Amino acid sequence: MKIRKIHLKDHPLFGTADIDFTDKNGKTPHTVVLAGINGSGKTTLLEILFSLLSDPGNSHEEDFFEADVGSIQDIPGSDEWTDKKIVSGSELRQLRELFSKKSSGTDKGQLPKIVYMPAEISFDELEPDIRPYSHEYAFSCEIRNAVTKDIPKYLATCVDREVYRNEDLTVREAVRNACDRLNVLFSDLDADAEIIGLRKDGSRMPVFRNSAGQEFDITELSSGEKQLFIRIMALKMTEVNNSVILVDEPEISLHPSWQQKILRVYERVGKNNQIIAATHSPHVLSSVRSENVRLLITEGGKIRIMDGDETDGAYGLPADRVLVELMGLETLRDPEVERKFEALRNMVRLGNYNTDEFRSGYKELEDIVGTPDQDLVLIQMEIDRLKKETRKSC
């Protein structure tokens, strides 16, 4: 299931707009990234999509917009679902009812769903639970504490299933297999922690080990590791396949090197999913092709959504170029330091580079940014060029 287009009418932030997630060939990418400044509506758009698909009846009761979901691609391999197009809330409700009926006689893990993951998810309520985990199908799911608190139970159930399915293996080997299936999700990140099993004190909480051989529980992971682990495990618990996954700030608390690869982790969680992520990270933006990016900008008091054809794209660009060229950052430096640089440049343009004021300002910036610094080098090169021209004219 993939969202191709939606139509908003008189929305207070977006106005009347058609939002198209397809590429220039009419195909729907597996991953779409929403970018824009704070207040540009990225999170609001995710919430609209979740509201439309999770409760179409309530969505149409709001005064400020009427929204239709246009052209949802469905699960391949089922004549009843293939090529079904959703153009109204009533049709969406019918499809939801169909999936709910199918959940009793079909592999629930293959049924489509809409999952919304907010920016920050608490892990404070993770508690041991010896009861087995059982996934109950629901068409819509918002990842909150009520979901994440079951992560220990889910991990323990994964281990138990591996033990029972492989009677020829020792318990140690079965546990290793179960952990390997989870650890492979994070293999791109070169994380210095992996799941190795469950605590043996009866709590059955997950145990991690780092490259130094030290073992610890989830409370000793870094904030970024905790957020990433909880987010991905929550998605595994909901058995996301053929689904739409809405992720707000997937980069939260992550080192830039992980931000560059985080979308691959989400793409690996299930099969045939559509990821729609809202981000502030230039590292995330540079990891996806231009046709996968939607840039939200303000025009006339409303938000307009630009597709990849209207931007130069960011794929493969260094983070500093993404910040300036796509995200509109005026300077990569601290604004006050940048003002000092601009003051020096102005003095050079006016020929005042032999003054005490210039020398004092230059020395101050050397003390602030150190040497060599690219902008200081460029200023000095411009001075050398001007001096050479002066000598030629004499």
# chains A, B, ... in the order shown; residues from 1 in each chain; ligands from 1

call {"tool": "residues_around", "arguments": {"residues": "range 175-181 of chain A", "least_positions_apart": "2", "cutoff": "7 Å", "atoms": "only C-alpha atoms", "output": "PyMOL selection string"}}
result
chain A and resi 158-159+162+171-173+183-184+195-197

call {"tool": "write_last_selection", "arguments": {"atoms": "N, CA and C atoms", "output": "PDB file, in the first residue's frame"}}
result
ATOM      1  N   CYS A 158      10.529 -13.610  20.483  1.00  0.00           N
ATOM      2  CA  CYS A 158      11.362 -13.929  19.321  1.00  0.00           C
ATOM      3  C   CYS A 158      12.351 -15.035  19.654  1.00  0.00           C
ATOM      4  N   VAL A 159      12.963 -14.939  20.823  1.00  0.00           N
ATOM      5  CA  VAL A 159      13.920 -15.958  21.250  1.00  0.00           C
ATOM      6  C   VAL A 159      13.214 -17.289  21.458  1.00  0.00           C
ATOM      7  N   GLU A 162      12.360 -19.048  18.209  1.00  0.00           N
ATOM      8  CA  GLU A 162      13.534 -19.619  17.558  1.00  0.00           C
ATOM      9  C   GLU A 162      13.929 -20.936  18.215  1.00  0.00           C
ATOM     10  N   VAL A 171      20.012 -24.341  22.792  1.00  0.00           N
ATOM     11  CA  VAL A 171      19.358 -23.091  23.177  1.00  0.00           C
ATOM     12  C   VAL A 171      20.263 -21.906  22.864  1.00  0.00           C
ATOM     13  N   ARG A 172      21.559 -22.052  23.121  1.00  0.00           N
ATOM     14  CA  ARG A 172      22.503 -20.966  22.854  1.00  0.00           C
ATOM     15  C   ARG A 172      22.503 -20.594  21.366  1.00  0.00           C
ATOM     16  N   GLU A 173      22.490 -21.618  20.492  1.00  0.00           N
ATOM     17  CA  GLU A 173      22.492 -21.355  19.055  1.00  0.00           C
ATOM     18  C   GLU A 173      21.189 -20.700  18.608  1.00  0.00           C
ATOM     19  N   ASN A 183      19.896  -7.902  14.885  1.00  0.00           N
ATOM     20  CA  ASN A 183      21.098  -7.088  14.723  1.00  0.00           C
ATOM     21  C   ASN A 183      21.355  -6.703  13.272  1.00  0.00           C
ATOM     22  N   VAL A 184      20.932  -7.554  12.328  1.00  0.00           N
ATOM     23  CA  VAL A 184      21.188  -7.257  10.920  1.00  0.00           C
ATOM     24  C   VAL A 184      20.467  -5.986  10.474  1.00  0.00           C
ATOM     25  N   ILE A 195      22.556  -6.858  20.348  1.00  0.00           N
ATOM     26  CA  ILE A 195      21.763  -7.689  21.250  1.00  0.00           C
ATOM     27  C   ILE A 195      22.386  -9.075  21.285  1.00  0.00           C
ATOM     28  N   ILE A 196      22.595  -9.612  22.470  1.00  0.00           N
ATOM     29  CA  ILE A 196      23.177 -10.957  22.565  1.00  0.00           C
ATOM     30  C   ILE A 196      22.256 -11.943  23.268  1.00  0.00           C
ATOM     31  N   GLY A 197      21.141 -11.473  23.825  1.00  0.00           N
ATOM     32  CA  GLY A 197      20.229 -12.394  24.491  1.00  0.00           C
ATOM     33  C   GLY A 197      19.381 -11.699  25.534  1.00  0.00           C
TER      34      GLY A 197
END

call {"tool": "residues_around", "arguments": {"residues": "range 45-54 of chain A", "least_positions_apart": "2", "cutoff": "7 Å", "atoms": "only C-alpha atoms", "output": "count of residues only"}}
result
10

call {"tool": "atom_distance", "arguments": {"atom1": "CA of Glu291 in chain A", "atom2": "CA of Met306 in chain A"}}
result
10.5 Å

call {"tool": "atom_distance", "arguments": {"atom1": "CA of Arg333 in chain A", "atom2": "CA of Arg289 in chain A"}}
result
26.9 Å

call {"tool": "residues_around", "arguments": {"residues": "range 215-218 of chain A", "least_positions_apart": "3", "cutoff": "12 Å", "atoms": "only C-alpha atoms", "output": "PDB file with N, CA and C atoms, in the first residue's frame"}}
result
ATOM      1  N   PHE A 123      11.250   5.729  26.523  1.00  0.00           N
ATOM      2  CA  PHE A 123      11.594   4.346  26.836  1.00  0.00           C
ATOM      3  C   PHE A 123      11.549   4.108  28.340  1.00  0.00           C
ATOM      4  N   ASP A 124      11.025   5.080  29.085  1.00  0.00           N
ATOM      5  CA  ASP A 124      11.057   4.985  30.544  1.00  0.00           C
ATOM      6  C   ASP A 124      10.204   3.851  31.084  1.00  0.00           C
ATOM      7  N   GLU A 125       9.211   3.423  30.331  1.00  0.00           N
ATOM      8  CA  GLU A 125       8.273   2.451  30.859  1.00  0.00           C
ATOM      9  C   GLU A 125       8.561   1.025  30.409  1.00  0.00           C
ATOM     10  N   LEU A 126       9.751   0.766  29.858  1.00  0.00           N
ATOM     11  CA  LEU A 126      10.092  -0.603  29.503  1.00  0.00           C
ATOM     12  C   LEU A 126      10.165  -1.442  30.771  1.00  0.00           C
ATOM     13  N   GLU A 127       9.394  -2.487  30.804  1.00  0.00           N
ATOM     14  CA  GLU A 127       9.324  -3.319  32.002  1.00  0.00           C
ATOM     15  C   GLU A 127       9.388  -4.784  31.611  1.00  0.00           C
ATOM     16  N   PRO A 128       9.950  -5.622  32.480  1.00  0.00           N
ATOM     17  CA  PRO A 128       9.977  -7.057  32.187  1.00  0.00           C
ATOM     18  C   PRO A 128       8.571  -7.635  32.180  1.00  0.00           C
ATOM     19  N   ILE A 151       8.210  -4.047  24.251  1.00  0.00           N
ATOM     20  CA  ILE A 151       9.411  -4.478  23.538  1.00  0.00           C
ATOM     21  C   ILE A 151      10.119  -5.638  24.231  1.00  0.00           C
ATOM     22  N   PRO A 152      10.344  -5.608  25.558  1.00  0.00           N
ATOM     23  CA  PRO A 152      10.982  -6.766  26.198  1.00  0.00           C
ATOM     24  C   PRO A 152      10.206  -8.059  25.967  1.00  0.00           C
ATOM     25  N   ASP A 192      28.363   0.160  18.056  1.00  0.00           N
ATOM     26  CA  ASP A 192      29.233  -0.565  18.986  1.00  0.00           C
ATOM     27  C   ASP A 192      28.409  -1.232  20.082  1.00  0.00           C
ATOM     28  N   ALA A 193      27.284  -1.784  19.716  1.00  0.00           N
ATOM     29  CA  ALA A 193      26.446  -2.524  20.662  1.00  0.00           C
ATOM     30  C   ALA A 193      25.548  -3.442  19.861  1.00  0.00           C
ATOM     31  N   GLU A 194      25.401  -4.662  20.329  1.00  0.00           N
ATOM     32  CA  GLU A 194      24.503  -5.602  19.682  1.00  0.00           C
ATOM     33  C   GLU A 194      23.746  -6.395  20.731  1.00  0.00           C
ATOM     34  N   ILE A 195      22.556  -6.858  20.348  1.00  0.00           N
ATOM     35  CA  ILE A 195      21.763  -7.689  21.250  1.00  0.00           C
ATOM     36  C   ILE A 195      22.386  -9.075  21.285  1.00  0.00           C
ATOM     37  N   ILE A 196      22.595  -9.612  22.470  1.00  0.00           N
ATOM     38  CA  ILE A 196      23.177 -10.957  22.565  1.00  0.00           C
ATOM     39  C   ILE A 196      22.256 -11.943  23.268  1.00  0.00           C
ATOM     40  N   GLY A 197      21.141 -11.473  23.825  1.00  0.00           N
ATOM     41  CA  GLY A 197      20.229 -12.394  24.491  1.00  0.00           C
ATOM     42  C   GLY A 197      19.381 -11.699  25.534  1.00  0.00           C
ATOM     43  N   LEU A 198      18.937 -12.479  26.507  1.00  0.00           N
ATOM     44  CA  LEU A 198      18.061 -11.982  27.561  1.00  0.00           C
ATOM     45  C   LEU A 198      18.710 -12.196  28.918  1.00  0.00           C
ATOM     46  N   ARG A 199      18.393 -11.321  29.836  1.00  0.00           N
ATOM     47  CA  ARG A 199      18.912 -11.481  31.196  1.00  0.00           C
ATOM     48  C   ARG A 199      18.401 -12.781  31.803  1.00  0.00           C
ATOM     49  N   SER A 203      13.813 -11.647  34.559  1.00  0.00           N
ATOM     50  CA  SER A 203      13.162 -10.469  33.981  1.00  0.00           C
ATOM     51  C   SER A 203      13.051 -10.563  32.463  1.00  0.00           C
ATOM     52  N   ARG A 204      13.993 -11.311  31.836  1.00  0.00           N
ATOM     53  CA  ARG A 204      14.021 -11.515  30.391  1.00  0.00           C
ATOM     54  C   ARG A 204      14.182 -10.198  29.626  1.00  0.00           C
ATOM     55  N   MET A 205      14.815  -9.222  30.255  1.00  0.00           N
ATOM     56  CA  MET A 205      15.125  -7.966  29.577  1.00  0.00           C
ATOM     57  C   MET A 205      16.301  -8.184  28.624  1.00  0.00           C
ATOM     58  N   PRO A 206      16.362  -7.422  27.507  1.00  0.00           N
ATOM     59  CA  PRO A 206      17.440  -7.621  26.538  1.00  0.00           C
ATOM     60  C   PRO A 206      18.803  -7.242  27.104  1.00  0.00           C
ATOM     61  N   VAL A 207      19.816  -7.995  26.673  1.00  0.00           N
ATOM     62  CA  VAL A 207      21.197  -7.742  27.073  1.00  0.00           C
ATOM     63  C   VAL A 207      21.992  -7.364  25.825  1.00  0.00           C
ATOM     64  N   PHE A 208      22.844  -6.352  25.960  1.00  0.00           N
ATOM     65  CA  PHE A 208      23.671  -5.881  24.855  1.00  0.00           C
ATOM     66  C   PHE A 208      25.143  -6.098  25.197  1.00  0.00           C
ATOM     67  N   ARG A 209      25.974  -6.136  24.146  1.00  0.00           N
ATOM     68  CA  ARG A 209      27.419  -6.245  24.354  1.00  0.00           C
ATOM     69  C   ARG A 209      28.127  -5.339  23.365  1.00  0.00           C
ATOM     70  N   ASN A 210      29.201  -4.666  23.825  1.00  0.00           N
ATOM     71  CA  ASN A 210      29.975  -3.799  22.938  1.00  0.00           C
ATOM     72  C   ASN A 210      31.238  -4.507  22.469  1.00  0.00           C
ATOM     73  N   SER A 211      32.047  -3.806  21.662  1.00  0.00           N
ATOM     74  CA  SER A 211      33.239  -4.412  21.076  1.00  0.00           C
ATOM     75  C   SER A 211      34.293  -4.757  22.115  1.00  0.00           C
ATOM     76  N   ALA A 212      34.202  -4.142  23.295  1.00  0.00           N
ATOM     77  CA  ALA A 212      35.142  -4.451  24.375  1.00  0.00           C
ATOM     78  C   ALA A 212      34.706  -5.665  25.188  1.00  0.00           C
ATOM     79  N   LEU A 221      22.557   2.226  27.026  1.00  0.00           N
ATOM     80  CA  LEU A 221      22.756   2.674  25.652  1.00  0.00           C
ATOM     81  C   LEU A 221      22.748   4.201  25.613  1.00  0.00           C
ATOM     82  N   SER A 222      23.380   4.776  24.596  1.00  0.00           N
ATOM     83  CA  SER A 222      23.316   6.225  24.422  1.00  0.00           C
ATOM     84  C   SER A 222      21.892   6.622  24.060  1.00  0.00           C
ATOM     85  N   SER A 223      21.585   7.925  24.162  1.00  0.00           N
ATOM     86  CA  SER A 223      20.228   8.377  23.843  1.00  0.00           C
ATOM     87  C   SER A 223      19.875   8.056  22.395  1.00  0.00           C
ATOM     88  N   GLY A 224      20.852   8.218  21.484  1.00  0.00           N
ATOM     89  CA  GLY A 224      20.591   7.898  20.089  1.00  0.00           C
ATOM     90  C   GLY A 224      20.354   6.418  19.878  1.00  0.00           C
ATOM     91  N   GLU A 225      21.165   5.584  20.533  1.00  0.00           N
ATOM     92  CA  GLU A 225      20.986   4.137  20.414  1.00  0.00           C
ATOM     93  C   GLU A 225      19.639   3.694  20.969  1.00  0.00           C
ATOM     94  N   LYS A 226      19.233   4.295  22.090  1.00  0.00           N
ATOM     95  CA  LYS A 226      17.931   3.947  22.677  1.00  0.00           C
ATOM     96  C   LYS A 226      16.798   4.297  21.726  1.00  0.00           C
ATOM     97  N   GLN A 227      16.818   5.535  21.210  1.00  0.00           N
ATOM     98  CA  GLN A 227      15.755   5.959  20.308  1.00  0.00           C
ATOM     99  C   GLN A 227      15.687   5.060  19.079  1.00  0.00           C
ATOM    100  N   LEU A 228      16.838   4.775  18.498  1.00  0.00           N
ATOM    101  CA  LEU A 228      16.870   3.952  17.295  1.00  0.00           C
ATOM    102  C   LEU A 228      16.379   2.537  17.586  1.00  0.00           C
ATOM    103  N   PHE A 229      16.878   1.949  18.658  1.00  0.00           N
ATOM    104  CA  PHE A 229      16.491   0.583  19.011  1.00  0.00           C
ATOM    105  C   PHE A 229      14.985   0.490  19.251  1.00  0.00           C
ATOM    106  N   ILE A 230      14.444   1.434  20.017  1.00  0.00           N
ATOM    107  CA  ILE A 230      13.018   1.391  20.357  1.00  0.00           C
ATOM    108  C   ILE A 230      12.157   1.613  19.119  1.00  0.00           C
TER     109      ILE A 230
END

call {"tool": "closest_residue", "arguments": {"among": "A:Ala278, A:Leu296, A:Leu365, A:Leu317", "to": "Glu336 in chain A", "atoms": "only C-alpha atoms"}}
result
A:Leu365

call {"tool": "residues_around", "arguments": {"residues": "Val244 in chain A", "least_positions_apart": "6", "cutoff": "7 Å", "atoms": "only C-alpha atoms", "output": "PyMOL selection string"}}
result
chain A and resi 1-2+113-115+273-275

call {"tool": "closest_residue", "arguments": {"among": "A:Glu330, A:Asp150, A:Glu167, A:Glu220", "to": "Lys236 in chain A", "atoms": "only C-alpha atoms"}}
result
A:Asp150

call {"tool": "atom_distance", "arguments": {"atom1": "CA of Lys392 in chain A", "atom2": "CA of Asn346 in chain A"}}
result
23.1 Å

call {"tool": "select_by_dssp", "arguments": {"residues": "range 139-219 of chain A", "states": "strand (DSSP E)", "output": "PyMOL selection string"}}
result
chain A and resi 140-142+194-198+206-209+215-216

call {"tool": "decode", "arguments": {"residues": "range 291-333 of chain A", "atoms": "N, CA and C atoms", "output": "CSV table (one decimal), in the first residue's frame"}}
result
chain,number,residue,atom,x,y,z
A,291,GLU,N,14.0,13.1,-6.7
A,291,GLU,CA,12.6,12.7,-6.9
A,291,GLU,C,11.9,12.2,-5.7
A,292,ASN,N,12.7,11.9,-4.7
A,292,ASN,CA,12.2,11.4,-3.4
A,292,ASN,C,12.0,12.5,-2.4
A,293,VAL,N,12.3,13.8,-2.7
A,293,VAL,CA,12.3,14.9,-1.8
A,293,VAL,C,11.1,15.8,-2.1
A,294,ARG,N,10.4,16.2,-1.0
A,294,ARG,CA,9.4,17.3,-1.2
A,294,ARG,C,9.8,18.4,-0.2
A,295,LEU,N,10.0,19.6,-0.8
A,295,LEU,CA,10.5,20.7,0.0
A,295,LEU,C,9.3,21.6,0.3
A,296,LEU,N,9.0,21.9,1.6
A,296,LEU,CA,7.9,22.7,2.0
A,296,LEU,C,8.4,24.2,2.2
A,297,ILE,N,7.8,25.1,1.5
A,297,ILE,CA,8.2,26.5,1.6
A,297,ILE,C,7.0,27.4,1.8
A,298,THR,N,7.2,28.6,2.3
A,298,THR,CA,6.1,29.5,2.6
A,298,THR,C,5.9,30.5,1.4
A,299,GLU,N,4.7,30.6,0.9
A,299,GLU,CA,4.4,31.5,-0.2
A,299,GLU,C,3.0,32.2,0.1
A,300,GLY,N,3.0,33.5,0.2
A,300,GLY,CA,1.7,34.2,0.5
A,300,GLY,C,1.0,33.7,1.7
A,301,GLY,N,1.7,33.4,2.7
A,301,GLY,CA,1.1,33.0,4.0
A,301,GLY,C,0.6,31.5,4.0
A,302,LYS,N,0.8,30.8,2.9
A,302,LYS,CA,0.5,29.4,2.8
A,302,LYS,C,1.8,28.6,2.6
A,303,ILE,N,1.6,27.3,2.8
A,303,ILE,CA,2.8,26.4,2.6
A,303,ILE,C,2.6,25.8,1.2
A,304,ARG,N,3.6,25.8,0.4
A,304,ARG,CA,3.6,25.2,-0.9
A,304,ARG,C,4.6,24.0,-0.9
A,305,ILE,N,4.3,22.9,-1.5
A,305,ILE,CA,5.2,21.7,-1.5
A,305,ILE,C,5.8,21.6,-2.9
A,306,MET,N,7.1,21.7,-2.9
A,306,MET,CA,7.9,21.6,-4.2
A,306,MET,C,8.3,20.2,-4.3
A,307,ASP,N,8.2,19.6,-5.5
A,307,ASP,CA,8.7,18.3,-5.8
A,307,ASP,C,10.1,18.3,-6.3
A,308,GLY,N,10.7,17.2,-6.6
A,308,GLY,CA,12.1,17.1,-6.9
A,308,GLY,C,12.4,17.8,-8.2
A,309,ASP,N,11.5,18.0,-9.1
A,309,ASP,CA,11.7,18.7,-10.4
A,309,ASP,C,11.9,20.2,-10.2
A,310,GLU,N,11.4,20.7,-9.1
A,310,GLU,CA,11.5,22.1,-8.9
A,310,GLU,C,12.7,22.5,-8.0
A,311,THR,N,13.5,21.6,-7.6
A,311,THR,CA,14.7,21.8,-6.8
A,311,THR,C,15.9,21.2,-7.5
A,312,ASP,N,17.1,21.6,-7.1
A,312,ASP,CA,18.3,21.0,-7.7
A,312,ASP,C,18.6,19.7,-7.1
A,313,GLY,N,17.9,19.3,-6.0
A,313,GLY,CA,18.2,18.1,-5.4
A,313,GLY,C,19.4,18.1,-4.4
A,314,ALA,N,19.5,17.1,-3.6
A,314,ALA,CA,20.6,17.1,-2.6
A,314,ALA,C,21.4,15.8,-2.6
A,315,TYR,N,20.9,14.8,-3.5
A,315,TYR,CA,21.5,13.5,-3.4
A,315,TYR,C,23.1,13.6,-3.7
A,316,GLY,N,23.8,13.0,-2.7
A,316,GLY,CA,25.3,13.0,-2.8
A,316,GLY,C,26.0,14.3,-2.5
A,317,LEU,N,25.3,15.4,-2.2
A,317,LEU,CA,25.9,16.6,-1.9
A,317,LEU,C,26.5,16.6,-0.5
A,318,PRO,N,27.6,17.4,-0.3
A,318,PRO,CA,28.0,17.6,1.1
A,318,PRO,C,27.0,18.3,1.9
A,319,ALA,N,27.0,18.0,3.2
A,319,ALA,CA,25.9,18.6,4.1
A,319,ALA,C,25.9,20.1,4.1
A,320,ASP,N,27.1,20.8,3.9
A,320,ASP,CA,27.1,22.2,3.9
A,320,ASP,C,26.4,22.8,2.7
A,321,ARG,N,26.5,22.1,1.6
A,321,ARG,CA,25.8,22.6,0.4
A,321,ARG,C,24.3,22.4,0.5
A,322,VAL,N,23.9,21.3,1.1
A,322,VAL,CA,22.5,21.0,1.3
A,322,VAL,C,21.9,22.1,2.2
A,323,LEU,N,22.6,22.4,3.3
A,323,LEU,CA,22.1,23.5,4.2
A,323,LEU,C,21.9,24.8,3.5
A,324,VAL,N,22.8,25.2,2.6
A,324,VAL,CA,22.7,26.5,2.0
A,324,VAL,C,21.8,26.5,0.8
A,325,GLU,N,22.0,25.5,-0.1
A,325,GLU,CA,21.3,25.5,-1.4
A,325,GLU,C,19.9,25.0,-1.3
A,326,LEU,N,19.6,24.0,-0.5
A,326,LEU,CA,18.3,23.5,-0.4
A,326,LEU,C,17.5,23.9,0.8
A,327,MET,N,18.2,24.1,1.9
A,327,MET,CA,17.5,24.4,3.2
A,327,MET,C,17.5,25.9,3.5
A,328,GLY,N,18.2,26.7,2.7
A,328,GLY,CA,18.1,28.1,2.8
A,328,GLY,C,18.9,28.7,4.0
A,329,LEU,N,19.9,28.0,4.5
A,329,LEU,CA,20.7,28.5,5.6
A,329,LEU,C,21.6,29.7,5.0
A,330,GLU,N,21.6,30.8,5.7
A,330,GLU,CA,22.3,32.0,5.2
A,330,GLU,C,23.8,31.8,5.4
A,331,THR,N,24.2,31.2,6.4
A,331,THR,CA,25.6,31.0,6.7
A,331,THR,C,25.9,29.7,7.5
A,332,LEU,N,27.0,29.1,7.2
A,332,LEU,CA,27.4,27.9,7.9
A,332,LEU,C,28.0,28.2,9.2
A,333,ARG,N,28.4,29.5,9.4
A,333,ARG,CA,29.1,29.9,10.6
A,333,ARG,C,28.1,30.4,11.6
